[in-house]
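First the structure, in the form of structure tokens, and then the observations on it.
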Amino acid sequence: SPVIDNDNDGQPDGEVDWDDIIYVLENEQDYRNQMSEDELSLFDTLSNEEQVLYLVSAKQALDKTNELFPTPCERRNGKGDAFRHAYWNALSSQRIGVGLTNLLTTRHENRPPDYAYESKEVEMDLFNNQVGRDIVYNGMTNLMLMQQAVQDAFDNGDLRYLNNQASNCLATFSSILTPTNQ
């Protein structure tokens with residue numbers, strides 16, 4: 001695996017799997033189609049390396065979420081969604097920086113709503129994104145320990161998910177942000 005030293009301190013910042021790099025390059029258009037216009041306008045100004053590291057972080061967070069959370073409503077607005085957003089932001093922050101990750105992932109949520117209670121999804125995602133970035137901001141840069149830190153935040157109820165989902169996993173009038181240990 002290539003080893004990236006983003007802060008030029010002589011220490012590897014994170015391993016990125018070649019298969020993940022190839023996957024995101026082959027599927028870049030699919031990723032671009034999921035981005036908001038604001039996110040895409042910033043993404044297009046990044047170096048190729050930053051773009052790949054951002055997309056690999058998203059892919060790795062999704063892969064880990066799919067491994068840990070088997071049901072669709074865990075992955076959309078449920079506890080798995082909370083984990084994925086925090087882990088994505090932690091990975092991305094470690095690889096391209098907390099500030100740039102904040103700009104990109106906040107812009108990711110800036111899109112016209114598709115349904116009445118989508119703002120609850122956005123609130124949840126922004127909350128969990130911040131927890132993930134804070135893990136790196138507070139000094140956690142080792143990838144294995146970072147995943148454990150996200151898991152600990154999850155177990156401690158520091159992440160949030162939406163309860164009272166509709167059968168299609170969407171937020172409802174009665175959905176509220178709920179700690180992941182509940």
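Starting from 1 in every chain, residues are counted up; chains themselves are A, B, ... following the order of the structure tokens, and ligands are numbered from 1 as listed.
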*Can you list, as a VMD selection string, every protein, DNA or RNA residue that comes within 9 Å of Lys79 of chain A when you count only C-alpha atoms, leaving out same-chain residues fewer than 4 positions away?*
chain A and resid 69 73 to 75 83 to 84 154 159 to 162 179 to 180
*Contacts of Glu37 of chain A at 9 Å (only C-alpha atoms; same-chain gap of 2+ positions) as an NGL selection string*: :A and (35 or 39-42 or 107-108 or 110-111)
Restricting it to N, CA and C atoms, dump the selection as a short mmCIF file (atom, residue, chain, number, x, y, z; two decimals), in the first residue's frame.
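Printed below is selection.cif as written:
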```
data_model
loop_
_atom_site.label_atom_id
_atom_site.label_comp_id
_atom_site.auth_asym_id
_atom_site.auth_seq_id
_atom_site.Cartn_x
_atom_site.Cartn_y
_atom_site.Cartn_z
N MET A 35 -22.34 14.23 -5.20
CA MET A 35 -21.90 15.48 -4.57
C MET A 35 -22.89 16.60 -4.85
N GLU A 39 -20.16 21.29 -3.13
CA GLU A 39 -19.08 20.37 -2.83
C GLU A 39 -18.24 20.13 -4.09
N LEU A 40 -18.90 19.93 -5.21
CA LEU A 40 -18.21 19.65 -6.46
C LEU A 40 -17.36 20.84 -6.91
N SER A 41 -17.86 22.05 -6.69
CA SER A 41 -17.07 23.22 -7.11
C SER A 41 -15.77 23.31 -6.31
N LEU A 42 -15.79 22.92 -5.05
CA LEU A 42 -14.56 22.90 -4.25
C LEU A 42 -13.70 21.68 -4.61
N ARG A 107 -20.35 21.20 2.73
CA ARG A 107 -20.94 21.49 1.42
C ARG A 107 -21.70 20.28 0.87
N HIS A 108 -21.25 19.07 1.22
CA HIS A 108 -21.92 17.85 0.76
C HIS A 108 -23.39 17.86 1.18
N ASN A 110 -25.24 20.48 1.58
CA ASN A 110 -25.91 21.68 1.07
C ASN A 110 -26.56 21.38 -0.28
N ARG A 111 -27.78 20.85 -0.20
CA ARG A 111 -28.53 20.53 -1.42
C ARG A 111 -30.00 20.75 -1.14
#
```
*Go through A:Ile96, A:Leu126, A:Met146, A:Val16 and flag the residue nearest Tyr54 of chain A, using only C-alpha atoms for the distances.*
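Once distances to Tyr54 of chain A are computed over only C-alpha atoms, the minimum belongs to A:Ile96.
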*Got a sec to tell me which of chain A DSSP assigns to strand (DSSP E), as an NGL selection string?*
:A and (3-4 or 14-15 or 160-162 or 177-179)
*Surrounding residues of Asn66 of chain A excluding itself and chain neighbours under 4 positions, 9 Å, only C-alpha atoms, as a list of chain:residue names*: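 With the cut-off at 9 Å, the set is A:Ala61, A:Leu62, A:Pro70, A:Thr71, A:Arg75, A:Gly80.
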*Which residues, written as a VMD selection string, have at least one atom at most 8 Å from Thr101 of chain A, with only C-alpha atoms counted and residues fewer than 6 positions away on the same chain left out?*
chain A and resid 54 89 92 to 93 133
*At what distance in Å, to one decimal, does atom CA of Asp17 of chain A lie from atom CA of Asp125 of chain A?*
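For atom CA of Asp125 of chain A relative to atom CA of Asp17 of chain A, the distance reads 26.0 Å.
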